[in-house]
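Notes to accompany the following structure.
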Amino acid sequence: MRAKESTKTGVWLIGARGGLATTLLAGVKLIGKKLVSSCGLLTETPGLQGVAFPALSDLVFGGHDIRKGRVYETAVEIYRETGTIPYDKLEVVKDELAEIDDDIALGTARNCGPAIERLGVPKARNLRGTLQDDVDRLGADMRAFQKRHKLGTVIVVNLASTEPPAGTGPAAKDPALFRKALLTRAAASSNGRVRGQAFRASTLYAAAAAASGFPFVNFTPSSGALPPALQAIFGESGLPFMGNDGKTGETLVKSAIAPMFKYRNLTVLAWQGYNILGDRDGLVLSDASNRQSKIDSKDSVLASILGYKPHTKVGIDYVPSLHDLKTAWDFVHFQGFLDYKMALQFIWQGCDAILAAPLVLDLVRFAALALRKEEKGPMRHLACFFKDPVGVAEQDLHGQFHQLLAYVERARGNQRSKA
Ligand SMILES: NC(=O)c1ccc[n+]([C@@H]2O[C@H](COP(=O)([O-])OP(=O)(O)OC[C@H]3O[C@@H](n4cnc5c(N)ncnc54)[C@H](O)[C@@H]3O)[C@@H](O)[C@H]2O)c1
C-alpha cells in the first residue's frame with residue numbers, strides 16, 4: 001500500500017465540497033501560482049524550514065462528500081458570501097479546481113443524524129449489507145485514487161459536518177469487538193446501528209483509512225471518528241493519526257490567555273463564551289445533538305489549564321447572515337489580591353475557513369512526515385492544532401507549541417545524522 005518511491009502525496013478530504021475544504025483547495029492552488037502568500041501556514045515559517053515535509057505542489061487532492069456540486073462553484077459562492085477567495089484569481093485556477101471534481105466520490109451519511117442527512121442531495125450511497133461492506137467501498141475509493149495518481153501515500157482528513165456524539169459501548173473500546181460489530185448486517189436498520197452500538201459515518205471513513213494503510217486526521221469534533229478501538233487499530237497497523245477538532249477561534253484564544261491567570265495566581269471565577277456563526281457548519285450545529293459534540297470539545301480546555309473548574313458556559317447560535325464570519329464574545333470574571341473582582345472581555349471575529357485551511361495543510365504535511373519516519377499512534381506533538389488533542393493532557397497553547405518545536409528539532413537532527 002505504501003509505494004514510497006513516489007514524491008506525490010494524496011490528500012483525501014471527507015467533506016471535500018464543504019466551505020473549509022474548498023477554501024483549502026483554492027488556497028493551495030493560488031499559493032502554487034504565487035498569487036497569494038502562504039500566510040497562516042506554520043510549515044512555511046523560517047522556524048520549520050529544513051524539515052522533510054512534502055512540497056505543497058506535490059499534494060494531490062480528492063475526497064468523499066454526500067452532496068453533489070463543483071469545487072469551483074462552491075468557491076465562487078464563498079467569494080459572493082464572504083469575499084475571502086478573490087474572484088479574479090479564482091479564474092486563473094478554475095481548470096485545476098475542475099480536475100479535483102473527478103476525484104470526489106459519493107460518501108456515506110450512515111447514522112449521522114437528521115441535521116446532516118438533510119444536506120445529502122442526492123441521497124448518499126447507503127448500501128445494504130454490513131458496515132464492513134461500507135468500509136470496504138470507502139477504502140476502495142481511497143486506494144483507487146492512490147493508484148490513479150501513483151501516490152506514495154494518502155493522508156485522510158475528516159472535514160465533514162459535525163455528527164452527534166458517538167456511542168461509547170464495548171465495541172467502541174475493544175478492537176476485536178469493533179471488527180466483529182462491523183460484520184453485523186446493518187441492512188435492517190439503515191442507520192448503521194448494530195446491537196446497541198452506533199457507528200457513525202466518521203467511524204467508517206476512519207476504519208477505511210486504517211484498513212488501507214493511510215494516516216488519519218480528525219479535524220472535526222465528531223467523536224465517532226476516533227473511538228479507542230480505532231485508535232488501537234491505527235497503532236496496531238503502524239499508522240499515525242491525530243484529532244480532535246481544529247483549534248482555530250475562541251478556544252485558540254482561550255488556550256493562549258488562560259495560562260496568564262495561572263502565571264499571576266489570579267483566580268478565574270467564571271468564563272462565559274458565546275459564539276454566533278452562519279453557513280452550513282452553523283446550520284448543522286443549530287441541531288442540539290450535533291452542537292453538543294462541539295461544546296464538549298470546547299469546554300474541556302479551561303479546567304485542564306487552570307487546575308480547577310471555574311463556572312463556564314459555551315453557547316453557540318446560528319445566525320445565517322454571518323456566513324463563515326464567526327463572532328465569539330468571551331467574558332472572564334476573575335479575582336485578585338484582596339479578593340477583588342475584575343473582568344476581561346474579548347471579541348473574536350474570524351473567518352472560520354481562513355483560520356482553519358492552513359492548519360489542515362500543516363497537519364497533512366506533519367502526518368506525511370510521521371508516516372515516513374515510521375511513527376505510529378497519536379501524533380501528540382500536534383496537540384497545539386486541536387481543541388481536544390488525543391492522548392495529551394496539556395491544554396496550554398504555549399506548552400503545546402514548545403512540544404511541537406521540540407519534535408521539529410528532533411526531526412531535523414535525525415535528518416542531519418542520516419545525511
Ligand atoms: N475553523 C473551522 O472552520 C473549523 C474549526 C474546527 C473544526 N471545524 C470542523 O470542520 C468541519 C467542516 O467545516 P465547514 O465549515 O467546512 O462545514 P461545511 O458544512 O461547509 O462542510 C462540511 C461538508 O461535509 C459534507 N458532509 C457532511 N456529512 C458527510 C459525510 N458523512 N460524508 C462526507 N461528507 C459529508 C457536507 O456535505 C459538506 O460539504 C465541521 O465539522 C467543523 O465543525 C471547522
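Residue numbers start at 1 in each chain; chains themselves are named A, B, ... in the order of the C-alpha cells; ligands are numbered from 1 in the order shown.
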Which neighbours of range 240-245 of chain A fall inside 9 Å, counting only C-alpha atoms, when residues of the same chain fewer than 5 positions from it are skipped, and could you give them as a PDB file with N, CA, C and O atoms, in the first residue's frame?
ATOM      1  N   PHE A 214      -3.497   4.092   5.544  1.00  0.00           N
ATOM      2  CA  PHE A 214      -3.329   5.536   5.420  1.00  0.00           C
ATOM      3  C   PHE A 214      -3.451   6.241   6.779  1.00  0.00           C
ATOM      4  O   PHE A 214      -4.340   5.908   7.564  1.00  0.00           O
ATOM      5  N   PRO A 215      -2.614   7.237   7.045  1.00  0.00           N
ATOM      6  CA  PRO A 215      -2.767   8.035   8.264  1.00  0.00           C
ATOM      7  C   PRO A 215      -4.095   8.785   8.243  1.00  0.00           C
ATOM      8  O   PRO A 215      -4.658   9.032   7.165  1.00  0.00           O
ATOM      9  N   PHE A 216      -4.570   9.166   9.415  1.00  0.00           N
ATOM     10  CA  PHE A 216      -5.899   9.782   9.507  1.00  0.00           C
ATOM     11  C   PHE A 216      -5.836  10.974  10.460  1.00  0.00           C
ATOM     12  O   PHE A 216      -5.226  10.904  11.526  1.00  0.00           O
ATOM     13  N   VAL A 217      -6.492  12.066  10.049  1.00  0.00           N
ATOM     14  CA  VAL A 217      -6.575  13.260  10.901  1.00  0.00           C
ATOM     15  C   VAL A 217      -8.048  13.634  11.040  1.00  0.00           C
ATOM     16  O   VAL A 217      -8.751  13.789  10.045  1.00  0.00           O
ATOM     17  N   ASN A 218      -8.523  13.748  12.278  1.00  0.00           N
ATOM     18  CA  ASN A 218      -9.907  14.176  12.507  1.00  0.00           C
ATOM     19  C   ASN A 218      -9.907  15.648  12.902  1.00  0.00           C
ATOM     20  O   ASN A 218      -9.604  15.987  14.045  1.00  0.00           O
ATOM     21  N   PHE A 219     -10.237  16.507  11.938  1.00  0.00           N
ATOM     22  CA  PHE A 219     -10.248  17.954  12.214  1.00  0.00           C
ATOM     23  C   PHE A 219     -11.588  18.382  12.823  1.00  0.00           C
ATOM     24  O   PHE A 219     -11.759  19.531  13.194  1.00  0.00           O
ATOM     25  N   THR A 220     -12.539  17.466  12.916  1.00  0.00           N
ATOM     26  CA  THR A 220     -13.879  17.807  13.420  1.00  0.00           C
ATOM     27  C   THR A 220     -14.034  17.359  14.871  1.00  0.00           C
ATOM     28  O   THR A 220     -13.245  16.545  15.367  1.00  0.00           O
ATOM     29  N   PRO A 221     -15.087  17.845  15.545  1.00  0.00           N
ATOM     30  CA  PRO A 221     -15.326  17.379  16.911  1.00  0.00           C
ATOM     31  C   PRO A 221     -16.035  16.026  16.967  1.00  0.00           C
ATOM     32  O   PRO A 221     -16.322  15.545  18.055  1.00  0.00           O
ATOM     33  N   SER A 222     -16.322  15.411  15.816  1.00  0.00           N
ATOM     34  CA  SER A 222     -17.085  14.152  15.803  1.00  0.00           C
ATOM     35  C   SER A 222     -16.316  13.050  16.536  1.00  0.00           C
ATOM     36  O   SER A 222     -15.266  12.600  16.065  1.00  0.00           O
ATOM     37  N   SER A 223     -16.879  12.601  17.667  1.00  0.00           N
ATOM     38  CA  SER A 223     -16.149  11.619  18.484  1.00  0.00           C
ATOM     39  C   SER A 223     -16.158  10.242  17.828  1.00  0.00           C
ATOM     40  O   SER A 223     -15.360   9.378  18.166  1.00  0.00           O
ATOM     41  N   ALA A 225     -15.149   9.484  14.994  1.00  0.00           N
ATOM     42  CA  ALA A 225     -14.021   9.288  14.086  1.00  0.00           C
ATOM     43  C   ALA A 225     -12.864   8.523  14.739  1.00  0.00           C
ATOM     44  O   ALA A 225     -12.167   7.788  14.056  1.00  0.00           O
ATOM     45  N   LEU A 226     -12.663   8.723  16.013  1.00  0.00           N
ATOM     46  CA  LEU A 226     -11.512   8.073  16.651  1.00  0.00           C
ATOM     47  C   LEU A 226     -11.872   7.430  17.992  1.00  0.00           C
ATOM     48  O   LEU A 226     -11.312   7.798  19.036  1.00  0.00           O
ATOM     49  N   GLN A 231      -8.382   3.810  17.517  1.00  0.00           N
ATOM     50  CA  GLN A 231      -7.039   4.320  17.842  1.00  0.00           C
ATOM     51  C   GLN A 231      -6.076   3.146  17.972  1.00  0.00           C
ATOM     52  O   GLN A 231      -4.951   3.181  17.460  1.00  0.00           O
ATOM     53  N   PHE A 234      -5.276   1.719  14.527  1.00  0.00           N
ATOM     54  CA  PHE A 234      -4.262   2.523  13.820  1.00  0.00           C
ATOM     55  C   PHE A 234      -2.873   2.174  14.360  1.00  0.00           C
ATOM     56  O   PHE A 234      -1.925   1.987  13.599  1.00  0.00           O
ATOM     57  N   GLY A 235      -2.760   2.091  15.702  1.00  0.00           N
ATOM     58  CA  GLY A 235      -1.469   1.762  16.324  1.00  0.00           C
ATOM     59  C   GLY A 235      -0.969   0.397  15.868  1.00  0.00           C
ATOM     60  O   GLY A 235       0.175   0.248  15.436  1.00  0.00           O
ATOM     61  N   LYS A 294     -19.547  19.794  19.739  1.00  0.00           N
ATOM     62  CA  LYS A 294     -18.681  20.969  19.684  1.00  0.00           C
ATOM     63  C   LYS A 294     -18.479  21.532  21.094  1.00  0.00           C
ATOM     64  O   LYS A 294     -17.367  21.891  21.476  1.00  0.00           O
ATOM     65  N   SER A 297     -16.007  19.539  23.190  1.00  0.00           N
ATOM     66  CA  SER A 297     -14.580  19.704  22.901  1.00  0.00           C
ATOM     67  C   SER A 297     -14.092  21.097  23.280  1.00  0.00           C
ATOM     68  O   SER A 297     -12.951  21.285  23.655  1.00  0.00           O
ATOM     69  N   LYS A 298     -14.980  22.104  23.221  1.00  0.00           N
ATOM     70  CA  LYS A 298     -14.563  23.468  23.578  1.00  0.00           C
ATOM     71  C   LYS A 298     -14.433  23.631  25.086  1.00  0.00           C
ATOM     72  O   LYS A 298     -13.637  24.406  25.582  1.00  0.00           O
ATOM     73  N   LEU A 363      -1.187  20.007   8.998  1.00  0.00           N
ATOM     74  CA  LEU A 363      -1.413  18.679   9.581  1.00  0.00           C
ATOM     75  C   LEU A 363      -1.128  17.575   8.569  1.00  0.00           C
ATOM     76  O   LEU A 363      -0.550  16.543   8.912  1.00  0.00           O
ATOM     77  N   ALA A 367       1.590  14.733   9.058  1.00  0.00           N
ATOM     78  CA  ALA A 367       1.185  13.317   9.033  1.00  0.00           C
ATOM     79  C   ALA A 367       2.040  12.556   8.025  1.00  0.00           C
ATOM     80  O   ALA A 367       2.462  11.418   8.279  1.00  0.00           O
ATOM     81  N   ALA A 370       5.365  11.972   9.613  1.00  0.00           N
ATOM     82  CA  ALA A 370       5.309  10.927  10.644  1.00  0.00           C
ATOM     83  C   ALA A 370       5.295   9.538  10.004  1.00  0.00           C
ATOM     84  O   ALA A 370       5.977   8.617  10.465  1.00  0.00           O
ATOM     85  N   LEU A 371       4.540   9.389   8.928  1.00  0.00           N
ATOM     86  CA  LEU A 371       4.477   8.088   8.242  1.00  0.00           C
ATOM     87  C   LEU A 371       5.854   7.715   7.699  1.00  0.00           C
ATOM     88  O   LEU A 371       6.315   6.582   7.839  1.00  0.00           O
ATOM     89  N   GLU A 374       8.081   6.407  10.109  1.00  0.00           N
ATOM     90  CA  GLU A 374       7.524   5.154  10.644  1.00  0.00           C
ATOM     91  C   GLU A 374       7.038   5.326  12.069  1.00  0.00           C
ATOM     92  O   GLU A 374       7.185   4.433  12.918  1.00  0.00           O
ATOM     93  N   GLU A 375       6.447   6.473  12.349  1.00  0.00           N
ATOM     94  CA  GLU A 375       5.836   6.694  13.664  1.00  0.00           C
ATOM     95  C   GLU A 375       4.411   6.154  13.626  1.00  0.00           C
ATOM     96  O   GLU A 375       3.748   6.218  12.591  1.00  0.00           O
ATOM     97  N   LYS A 376       3.953   5.651  14.771  1.00  0.00           N
ATOM     98  CA  LYS A 376       2.589   5.138  14.802  1.00  0.00           C
ATOM     99  C   LYS A 376       1.873   5.667  16.043  1.00  0.00           C
ATOM    100  O   LYS A 376       2.520   6.139  16.977  1.00  0.00           O
ATOM    101  N   GLY A 377       0.532   5.573  16.019  1.00  0.00           N
ATOM    102  CA  GLY A 377      -0.260   6.036  17.167  1.00  0.00           C
ATOM    103  C   GLY A 377      -0.505   7.531  17.084  1.00  0.00           C
ATOM    104  O   GLY A 377      -0.264   8.172  16.047  1.00  0.00           O
ATOM    105  N   PRO A 378      -0.994   8.125  18.204  1.00  0.00           N
ATOM    106  CA  PRO A 378      -1.354   9.548  18.163  1.00  0.00           C
ATOM    107  C   PRO A 378      -0.138  10.452  17.965  1.00  0.00           C
ATOM    108  O   PRO A 378       0.891  10.248  18.597  1.00  0.00           O
ATOM    109  N   MET A 379      -0.277  11.437  17.099  1.00  0.00           N
ATOM    110  CA  MET A 379       0.817  12.396  16.872  1.00  0.00           C
ATOM    111  C   MET A 379       0.665  13.488  17.932  1.00  0.00           C
ATOM    112  O   MET A 379       0.168  14.582  17.664  1.00  0.00           O
ATOM    113  N   ARG A 380       1.125  13.175  19.138  1.00  0.00           N
ATOM    114  CA  ARG A 380       0.883  14.064  20.287  1.00  0.00           C
ATOM    115  C   ARG A 380       1.522  15.436  20.101  1.00  0.00           C
ATOM    116  O   ARG A 380       1.054  16.427  20.654  1.00  0.00           O
ATOM    117  N   LEU A 382       1.294  17.294  17.819  1.00  0.00           N
ATOM    118  CA  LEU A 382       0.408  18.200  17.069  1.00  0.00           C
ATOM    119  C   LEU A 382      -0.720  18.749  17.936  1.00  0.00           C
ATOM    120  O   LEU A 382      -1.685  19.316  17.408  1.00  0.00           O
ATOM    121  N   ALA A 383      -0.588  18.587  19.261  1.00  0.00           N
ATOM    122  CA  ALA A 383      -1.672  18.995  20.165  1.00  0.00           C
ATOM    123  C   ALA A 383      -2.078  20.455  19.966  1.00  0.00           C
ATOM    124  O   ALA A 383      -3.251  20.807  20.100  1.00  0.00           O
ATOM    125  N   PHE A 385      -2.664  22.086  17.528  1.00  0.00           N
ATOM    126  CA  PHE A 385      -3.607  22.287  16.427  1.00  0.00           C
ATOM    127  C   PHE A 385      -5.050  21.911  16.819  1.00  0.00           C
ATOM    128  O   PHE A 385      -5.968  22.148  16.053  1.00  0.00           O
ATOM    129  N   PHE A 386      -5.219  21.281  17.992  1.00  0.00           N
ATOM    130  CA  PHE A 386      -6.527  20.694  18.314  1.00  0.00           C
ATOM    131  C   PHE A 386      -7.130  21.206  19.619  1.00  0.00           C
ATOM    132  O   PHE A 386      -6.416  21.481  20.576  1.00  0.00           O
ATOM    133  N   LYS A 387      -8.471  21.257  19.624  1.00  0.00           N
ATOM    134  CA  LYS A 387      -9.170  21.628  20.857  1.00  0.00           C
ATOM    135  C   LYS A 387      -9.120  20.489  21.864  1.00  0.00           C
ATOM    136  O   LYS A 387      -9.073  20.721  23.063  1.00  0.00           O
ATOM    137  N   ASP A 388      -9.189  19.281  21.356  1.00  0.00           N
ATOM    138  CA  ASP A 388      -9.265  18.119  22.240  1.00  0.00           C
ATOM    139  C   ASP A 388      -8.246  17.083  21.767  1.00  0.00           C
ATOM    140  O   ASP A 388      -8.607  16.046  21.214  1.00  0.00           O
ATOM    141  N   PRO A 389      -6.945  17.367  21.991  1.00  0.00           N
ATOM    142  CA  PRO A 389      -5.902  16.516  21.398  1.00  0.00           C
ATOM    143  C   PRO A 389      -5.868  15.118  22.004  1.00  0.00           C
ATOM    144  O   PRO A 389      -5.839  14.980  23.234  1.00  0.00           O
ATOM    145  N   VAL A 390      -5.837  14.109  21.151  1.00  0.00           N
ATOM    146  CA  VAL A 390      -5.835  12.711  21.613  1.00  0.00           C
ATOM    147  C   VAL A 390      -4.551  12.432  22.397  1.00  0.00           C
ATOM    148  O   VAL A 390      -3.445  12.714  21.931  1.00  0.00           O
TER     149      VAL A 390
END
Task: At most 7 Å from ligand 1 (only C-alpha atoms and all ligand atoms): residue list as a ChimeraX atom specification - done: /A:14-21,64-67,107-110,112,116,119-120,159-162,201-202,219-221,245-249,279-281,352-353,355-356
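One finds CA of Lys68 in chain A at 20.4 Å from CA of Val93 in chain A.
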Task: Selection: 9 Å around Arg412 in chain A, only C-alpha atoms, excl. self and same-chain fewer than 6 positions, as a list in words - done: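 Final neighbour list, sorted by chain and number: Gly50, Val51 and Ala52 of chain A.
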Open item on the list: Write out as a PyMOL selection string the set of residues from range 142-279 of chain A that DSSP, computed on the backbone, places in helix (DSSP H, G or I).
Closed with: chain A and resi 142-149+170-173+175-183+201-212+223-225+228-236+250-263+279
Open item on the list: Residues of range 174-362 of chain A classed as strand (DSSP E or B) by DSSP on the backbone are to be reported as an NGL selection string.
Closed with: :A and (185 or 193-194 or 197-198 or 216-218 or 240-242 or 246 or 267-277 or 311-318 or 325-335 or 341-351)
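For range 334-349 of chain A, the list of residues within 8 Å, based on only C-alpha atoms and with local chain neighbours fewer than 6 positions off taken out, reads Gly249, Glu250, Asn265, Leu266, Thr267, Val268, Leu269, Ala270, Leu325, Lys326, Thr327 and Ala328 of chain A.
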Open item on the list: Env of Leu35 in chain A: 12 Å cut, atoms = only C-alpha atoms, seq-sep filter 6 positions within chain, self excluded. Answer as a ChimeraX atom specification.
Closed with: /A:26-29,85-93
